[in-house]
There are 2 protein chains.
Amino acid sequence: MEQKIRDSYGYLFEEDLIQEITKKGVLKEVKEGDLLIDIEDTITNIPLMLSGAIKISRIDEEGDELLLYFIEKGDVCAMTLTCCIGQSKSEIRAIAESDTEVLMVPVENMDLWLQKYSSWRSFVFESYNTRFSEMLQSIDSLAFMNMHERLIKYLREKVIVGKDMMVNTTHQKVASDLHTSRVVISRILKSLERENKIVIHRNNIQVLEF
Amino acid sequence: MEQKIRDSYGYLFEEDLIQEITKKGVLKEVKEGDLLIDIEDTITNIPLMLSGAIKISRIDEEGDELLLYFIEKGDVCAMTLTCCIGQSKSEIRAIAESDTEVLMVPVENMDLWLQKYSSWRSFVFESYNTRFSEMLQSIDSLAFMNMHERLIKYLREKVIVGKDMMVNTTHQKVASDLHTSRVVISRILKSLERENKIVIHRNNIQVLEF
DNA sequence: AGAGGATTGTAACTAAGGTCACACTAATCG
DNA sequence: CGATTAGTGTGACCTTAGTTACAATCCTCT
């Protein structure tokens, strides 16, 4: 396991910290589609990503979903970090986008590590920075882009996260992530296909160009 | 000045930290409408709010604006905090909503204080927490609410920040904050007036109920 | 008082996106 | 193997929001 930590965080963390993480962390493996964190959950561990990808989304009162961003190897869920400190509850939902390995580090270590390890401080703040940017991008998408553009952006992200130009999903799932209706997505996908940017298959969208 | 710091942060910070802030901080007074931070600005100081309010907004490539949230006495701009650590550039614009006093603390102190003062660590993370929540609220508004609801929410916030049921603004300014057109705002305001929730005056909107 | 700008009101129209209905096809399962 | 379900395609329609245009009013400055 130490090797996996080194793979993902070796270039970030100082030696002592890697030792501590190895000692305190517990490996957790989750399958695609598994729910890791739900709204209102109390956070007791900091999840450090070792492999795979996790989808972070926001849910409204009626249970409607909206994709915020993906986190991958070397990332940590910033939402979790704030929760750790403030002992508040999760405001987001985290679902495994693919089979994923995370290292669960108990919250108690957080405060001490912040004092002791400058690499931990950097990492934590770097994470916040990234996540803030990603939230701002979400806001930009919603405020300044139309559905056509948002869908293209979405497909791009799916290709990057899935490391595959063939995106395995259904129109309905895309619609949920973008908080719109299936019909709207089918309509725009069709127009993207006519523009030769994608090819639509059953349960798959093949991205040609981006 | 020490008294002002105590007023805003006395209950948060330990004695030594208050002394340090007093020593290192420089008072800055800005007038309503003044630009404090613009997109792409490099941040060299952490602004601690002493009085007044600041409007934080996001700007797209075409210069279109969108209100994100307000920060007030006892708050700190979380965006600034991330910038301090990462030495990156501002992704938001900060404009004084009213006459405002901020204490500018040079960035260099950040890392040391994080090690030394647990109250500073708590404060910094608490700030992140709040700001994260506020960003999520912005996202919720955009994704899940229609313009009518967003306008009501907006007026509520303006009343709270301005501490006055009489909101001093124009339809055009409201439209800019919500990233829509003046006509749309006038239309919805009229309907809110018909519902007896507000009274429209020239340059003022009187909020009756919410 | 009169000119000019800023602010607001409103009608008419357009566009984007959401809804409904239904047809069609591929996969699955008893 | 027929029945069922999930996924997709599409026309018709509705609603919300954005656009254009113009009138009316108020405010300021000369």
# chains A, B, ... in the order shown; residues from 1 in each chain; ligands from 1
>>> interface_residues(of="chain D", to="chain B", cutoff="12 Å", atoms="only C-alpha atoms (C1' of nucleotides)", output="PyMOL selection string")
chain D and resi 15-21+25-27
>>> residues_around(residues="D:DG9", least_positions_apart="4", cutoff="10 Å", atoms="only C-alpha atoms (C1' of nucleotides)", output="list in words")
Val183, Ser186, Arg187 and Lys190 of chain A; DA23 and DC24 of chain C
>>> residues_around(residues="A:Lys197", least_positions_apart="2", cutoff="9 Å", atoms="only C-alpha atoms (C1' of nucleotides)", output="PyMOL selection string")
chain A and resi 192-195+199+206-210
>>> interface_residues(of="chain C", to="chain A", cutoff="9 Å", atoms="only C-alpha atoms (C1' of nucleotides)", output="list in words")
DA16, DG17, DG18 and DA26 of chain C
>>> residues_around(residues="B:Lys4", least_positions_apart="2", cutoff="10 Å", atoms="only C-alpha atoms (C1' of nucleotides)", output="list in words")
Met1, Glu2, Arg6, Asp7, Ser8, Tyr9, Gly10, Thr22, Leu50, Ser51, Glu101 and Leu103 of chain B
>>> write_last_selection(atoms="N, CA, C and O atoms", output="PDB file, in the first residue's frame")
ATOM      1  N   MET B   1      -7.304  51.050  16.700  1.00  0.00           N
ATOM      2  CA  MET B   1      -7.550  49.999  15.727  1.00  0.00           C
ATOM      3  C   MET B   1      -7.676  48.629  16.384  1.00  0.00           C
ATOM      4  O   MET B   1      -8.474  47.805  15.970  1.00  0.00           O
ATOM      5  N   GLU B   2      -6.873  48.450  17.437  1.00  0.00           N
ATOM      6  CA  GLU B   2      -6.944  47.174  18.143  1.00  0.00           C
ATOM      7  C   GLU B   2      -8.381  46.888  18.592  1.00  0.00           C
ATOM      8  O   GLU B   2      -8.836  45.760  18.548  1.00  0.00           O
ATOM      9  N   ARG B   6     -10.776  43.694  17.862  1.00  0.00           N
ATOM     10  CA  ARG B   6     -11.445  42.950  18.937  1.00  0.00           C
ATOM     11  C   ARG B   6     -12.947  42.850  18.685  1.00  0.00           C
ATOM     12  O   ARG B   6     -13.571  41.814  18.911  1.00  0.00           O
ATOM     13  N   ASP B   7     -13.532  43.951  18.200  1.00  0.00           N
ATOM     14  CA  ASP B   7     -14.974  43.948  17.906  1.00  0.00           C
ATOM     15  C   ASP B   7     -15.344  42.851  16.925  1.00  0.00           C
ATOM     16  O   ASP B   7     -16.346  42.159  17.080  1.00  0.00           O
ATOM     17  N   SER B   8     -14.502  42.714  15.907  1.00  0.00           N
ATOM     18  CA  SER B   8     -14.857  41.787  14.831  1.00  0.00           C
ATOM     19  C   SER B   8     -14.329  40.378  15.051  1.00  0.00           C
ATOM     20  O   SER B   8     -14.929  39.408  14.610  1.00  0.00           O
ATOM     21  N   TYR B   9     -13.185  40.285  15.713  1.00  0.00           N
ATOM     22  CA  TYR B   9     -12.527  38.980  15.798  1.00  0.00           C
ATOM     23  C   TYR B   9     -12.152  38.543  17.214  1.00  0.00           C
ATOM     24  O   TYR B   9     -11.584  37.475  17.396  1.00  0.00           O
ATOM     25  N   GLY B  10     -12.487  39.398  18.200  1.00  0.00           N
ATOM     26  CA  GLY B  10     -12.075  39.132  19.574  1.00  0.00           C
ATOM     27  C   GLY B  10     -12.502  37.780  20.088  1.00  0.00           C
ATOM     28  O   GLY B  10     -11.735  37.086  20.765  1.00  0.00           O
ATOM     29  N   THR B  22      -2.707  43.178  14.951  1.00  0.00           N
ATOM     30  CA  THR B  22      -2.651  44.623  15.177  1.00  0.00           C
ATOM     31  C   THR B  22      -1.329  45.187  14.665  1.00  0.00           C
ATOM     32  O   THR B  22      -1.278  46.249  14.050  1.00  0.00           O
ATOM     33  N   LEU B  50     -13.583  44.567   8.751  1.00  0.00           N
ATOM     34  CA  LEU B  50     -13.868  45.186  10.046  1.00  0.00           C
ATOM     35  C   LEU B  50     -15.262  45.796  10.070  1.00  0.00           C
ATOM     36  O   LEU B  50     -15.963  45.741  11.079  1.00  0.00           O
ATOM     37  N   SER B  51     -15.666  46.399   8.970  1.00  0.00           N
ATOM     38  CA  SER B  51     -17.024  46.947   8.871  1.00  0.00           C
ATOM     39  C   SER B  51     -17.409  47.060   7.406  1.00  0.00           C
ATOM     40  O   SER B  51     -16.554  47.009   6.537  1.00  0.00           O
ATOM     41  N   GLU B 101     -14.327  49.087   5.983  1.00  0.00           N
ATOM     42  CA  GLU B 101     -12.970  49.070   6.540  1.00  0.00           C
ATOM     43  C   GLU B 101     -12.427  47.651   6.509  1.00  0.00           C
ATOM     44  O   GLU B 101     -13.070  46.727   7.007  1.00  0.00           O
ATOM     45  N   LEU B 103      -8.805  45.223   7.105  1.00  0.00           N
ATOM     46  CA  LEU B 103      -7.451  45.184   7.620  1.00  0.00           C
ATOM     47  C   LEU B 103      -6.627  44.309   6.684  1.00  0.00           C
ATOM     48  O   LEU B 103      -6.928  43.132   6.489  1.00  0.00           O
TER      49      LEU B 103
END
>>> interface_residues(of="chain B", to="chain A", cutoff="8 Å", atoms="only C-alpha atoms", output="list in words")
Arg58, Asp60, Leu66, Met79, Thr82, Cys83, Ile85, Gly86, Glu91, Leu114, Gln115, Lys116, Ser122, Phe125, Glu126, Tyr128, Asn129, Phe132, Ser133, Met135, Leu136, Ser138, Ile139, Asp140, Leu142, Ala143, Phe144 and His179 of chain B
>>> select_by_dssp(residues="stretch 12-76 of chain B", states="strand (DSSP E)", output="PyMOL selection string")
chain B and resi 26-30+35-37+45-51+53-59+65-72
>>> residues_around(residues="C:DT28", least_positions_apart="6", cutoff="12 Å", atoms="only C-alpha atoms (C1' of nucleotides)", output="PyMOL selection string")
chain D and resi 3-6
>>> atom_distance(atom1="atom CA of B:Val174", atom2="atom CA of B:Lys73")
23.3 Å
>>> closest_residue(among="B:Asp164, B:Leu67, B:Ile200, B:Pro106", to="B:Glu134", atoms="only C-alpha atoms")
B:Leu67
>>> atom_distance(atom1="atom CA of A:Lys55", atom2="atom CA of A:Arg93")
8.0 Å
>>> select_by_dssp(residues="stretch 23-81 of chain A", states="helix (DSSP H, G or I)", output="mmCIF file with all heavy atoms, in the first residue's frame")
data_model
loop_
_atom_site.group_PDB
_atom_site.id
_atom_site.type_symbol
_atom_site.label_atom_id
_atom_site.label_comp_id
_atom_site.auth_asym_id
_atom_site.auth_seq_id
_atom_site.Cartn_x
_atom_site.Cartn_y
_atom_site.Cartn_z
ATOM 1 N N LYS A 23 0.598 4.470 8.019
ATOM 2 C CA LYS A 23 0.266 3.867 9.308
ATOM 3 C C LYS A 23 -1.212 4.088 9.657
ATOM 4 O O LYS A 23 -1.898 3.168 10.086
ATOM 5 C CB LYS A 23 1.164 4.492 10.394
ATOM 6 C CG LYS A 23 1.416 3.595 11.578
ATOM 7 C CD LYS A 23 2.605 4.114 12.405
ATOM 8 C CE LYS A 23 2.402 5.554 12.831
ATOM 9 N NZ LYS A 23 3.632 6.161 13.397
ATOM 10 N N LYS A 24 -1.684 5.299 9.446
ATOM 11 C CA LYS A 24 -3.030 5.664 9.898
ATOM 12 C C LYS A 24 -4.133 5.365 8.886
ATOM 13 O O LYS A 24 -5.294 5.227 9.251
ATOM 14 C CB LYS A 24 -3.080 7.178 10.222
ATOM 15 C CG LYS A 24 -2.075 7.649 11.279
ATOM 16 C CD LYS A 24 -2.600 7.394 12.660
ATOM 17 C CE LYS A 24 -1.567 7.742 13.731
ATOM 18 N NZ LYS A 24 -1.072 9.106 13.681
ATOM 19 N N ALA A 78 -12.389 18.268 -1.132
ATOM 20 C CA ALA A 78 -12.264 19.488 -0.334
ATOM 21 C C ALA A 78 -13.456 19.650 0.593
ATOM 22 O O ALA A 78 -13.344 20.132 1.715
ATOM 23 C CB ALA A 78 -12.135 20.693 -1.242
ATOM 24 N N MET A 79 -14.596 19.231 0.107
ATOM 25 C CA MET A 79 -15.819 19.288 0.911
ATOM 26 C C MET A 79 -15.590 18.538 2.215
ATOM 27 O O MET A 79 -16.004 18.971 3.279
ATOM 28 C CB MET A 79 -16.925 18.605 0.101
ATOM 29 C CG MET A 79 -18.288 19.201 0.280
ATOM 30 S SD MET A 79 -18.338 20.969 0.171
ATOM 31 C CE MET A 79 -19.158 21.331 1.707
ATOM 32 N N THR A 80 -14.927 17.405 2.103
ATOM 33 C CA THR A 80 -14.621 16.594 3.270
ATOM 34 C C THR A 80 -13.711 17.345 4.215
ATOM 35 O O THR A 80 -13.882 17.311 5.430
ATOM 36 C CB THR A 80 -13.892 15.305 2.823
ATOM 37 O OG1 THR A 80 -14.516 14.831 1.660
ATOM 38 C CG2 THR A 80 -13.905 14.281 3.909
ATOM 39 N N LEU A 81 -12.735 18.021 3.656
ATOM 40 C CA LEU A 81 -11.780 18.751 4.489
ATOM 41 C C LEU A 81 -12.490 19.782 5.357
ATOM 42 O O LEU A 81 -12.257 19.861 6.553
ATOM 43 C CB LEU A 81 -10.744 19.444 3.611
ATOM 44 C CG LEU A 81 -9.770 18.524 2.885
ATOM 45 C CD1 LEU A 81 -8.892 19.321 1.953
ATOM 46 C CD2 LEU A 81 -8.913 17.757 3.891
#
>>> residues_around(residues="stretch 27-37 of chain B", least_positions_apart="2", cutoff="7 Å", atoms="only C-alpha atoms (C1' of nucleotides)", output="number ranges by chain")
B: 25, 39, 41, 93-104
>>> atom_distance(atom1="atom CA of B:Ser90", atom2="atom CA of A:Met49")
27.4 Å
>>> residues_around(residues="A:Phe13", least_positions_apart="5", cutoff="8 Å", atoms="only C-alpha atoms (C1' of nucleotides)", output="CSV table (one decimal) with N, CA, C and O atoms, in the first residue's frame")
chain,number,residue,atom,x,y,z
A,18,ILE,N,4.4,10.6,4.6
A,18,ILE,CA,4.0,9.3,3.9
A,18,ILE,C,4.0,8.2,4.9
A,18,ILE,O,3.1,7.3,4.9
A,119,SER,N,4.2,20.3,3.8
A,119,SER,CA,3.6,19.7,2.6
A,119,SER,C,2.2,19.4,2.7
A,119,SER,O,1.4,19.4,1.7
A,120,TRP,N,1.7,19.0,3.9
A,120,TRP,CA,0.3,18.8,4.1
A,120,TRP,C,-0.5,20.1,4.0
A,120,TRP,O,-1.6,20.2,3.4
>>> decode(residues="stretch 35-104 of chain B", atoms="C-alpha atoms", output="short mmCIF file (atom, residue, chain, number, x, y, z; two decimals), in the first residue's frame")
data_model
loop_
_atom_site.label_atom_id
_atom_site.label_comp_id
_atom_site.auth_asym_id
_atom_site.auth_seq_id
_atom_site.Cartn_x
_atom_site.Cartn_y
_atom_site.Cartn_z
CA LEU B 35 -12.95 48.07 -6.72
CA LEU B 36 -10.88 46.09 -4.21
CA ILE B 37 -9.81 43.09 -6.24
CA ASP B 38 -10.25 42.38 -9.93
CA ILE B 39 -9.94 39.20 -12.00
CA GLU B 40 -6.27 38.37 -12.63
CA ASP B 41 -5.05 40.53 -9.75
CA THR B 42 -2.22 39.04 -7.74
CA ILE B 43 -3.04 38.90 -4.07
CA THR B 44 -0.47 40.13 -1.60
CA ASN B 45 -2.67 40.73 1.41
CA ILE B 46 -5.32 38.89 3.33
CA PRO B 47 -8.26 41.27 3.79
CA LEU B 48 -9.99 40.92 7.15
CA MET B 49 -13.33 42.71 7.22
CA LEU B 50 -13.87 45.19 10.05
CA SER B 51 -17.02 46.95 8.87
CA GLY B 52 -19.16 47.34 5.78
CA ALA B 53 -19.76 44.75 3.08
CA ILE B 54 -18.10 43.57 -0.10
CA LYS B 55 -19.74 42.06 -3.13
CA ILE B 56 -17.93 39.12 -4.69
CA SER B 57 -18.77 38.41 -8.30
CA ARG B 58 -17.69 36.28 -11.19
CA ILE B 59 -16.98 37.72 -14.64
CA ASP B 60 -17.06 35.83 -17.93
CA GLU B 61 -14.99 36.46 -21.05
CA GLU B 62 -17.44 39.03 -22.39
CA GLY B 63 -17.31 40.96 -19.14
CA ASP B 64 -20.72 39.76 -18.00
CA GLU B 65 -21.11 39.69 -14.25
CA LEU B 66 -22.74 37.34 -11.79
CA LEU B 67 -23.07 37.97 -8.07
CA LEU B 68 -21.65 35.14 -5.99
CA TYR B 69 -22.03 36.35 -2.40
CA PHE B 70 -21.38 39.14 0.06
CA ILE B 71 -18.76 39.17 2.78
CA GLU B 72 -19.14 41.19 5.95
CA LYS B 73 -17.57 42.06 9.28
CA GLY B 74 -15.71 39.07 10.70
CA ASP B 75 -15.37 37.45 7.30
CA VAL B 76 -12.35 37.00 5.15
CA CYS B 77 -12.27 36.46 1.43
CA ALA B 78 -11.67 32.72 1.00
CA MET B 79 -10.67 33.29 -2.59
CA THR B 80 -7.86 35.43 -1.26
CA LEU B 81 -6.77 32.73 1.13
CA THR B 82 -6.31 30.18 -1.61
CA CYS B 83 -4.50 32.71 -3.70
CA CYS B 84 -2.14 33.47 -0.83
CA ILE B 85 -1.05 29.92 -0.54
CA GLY B 86 -0.99 29.01 -4.20
CA GLN B 87 0.32 32.38 -5.34
CA SER B 88 -2.25 32.23 -8.07
CA LYS B 89 -4.37 35.04 -9.43
CA SER B 90 -7.81 36.15 -8.39
CA GLU B 91 -10.68 34.46 -10.17
CA ILE B 92 -13.27 36.88 -8.81
CA ARG B 93 -13.98 40.58 -8.53
CA ALA B 94 -14.53 42.30 -5.19
CA ILE B 95 -16.40 45.61 -5.04
CA ALA B 96 -17.37 47.52 -1.91
CA GLU B 97 -21.12 47.21 -1.41
CA SER B 98 -21.03 49.95 1.20
CA ASP B 99 -18.32 52.04 2.85
CA THR B 100 -15.97 49.48 4.25
CA GLU B 101 -12.97 49.07 6.54
CA VAL B 102 -10.64 46.17 5.90
CA LEU B 103 -7.45 45.18 7.62
CA MET B 104 -4.79 44.18 5.14
#
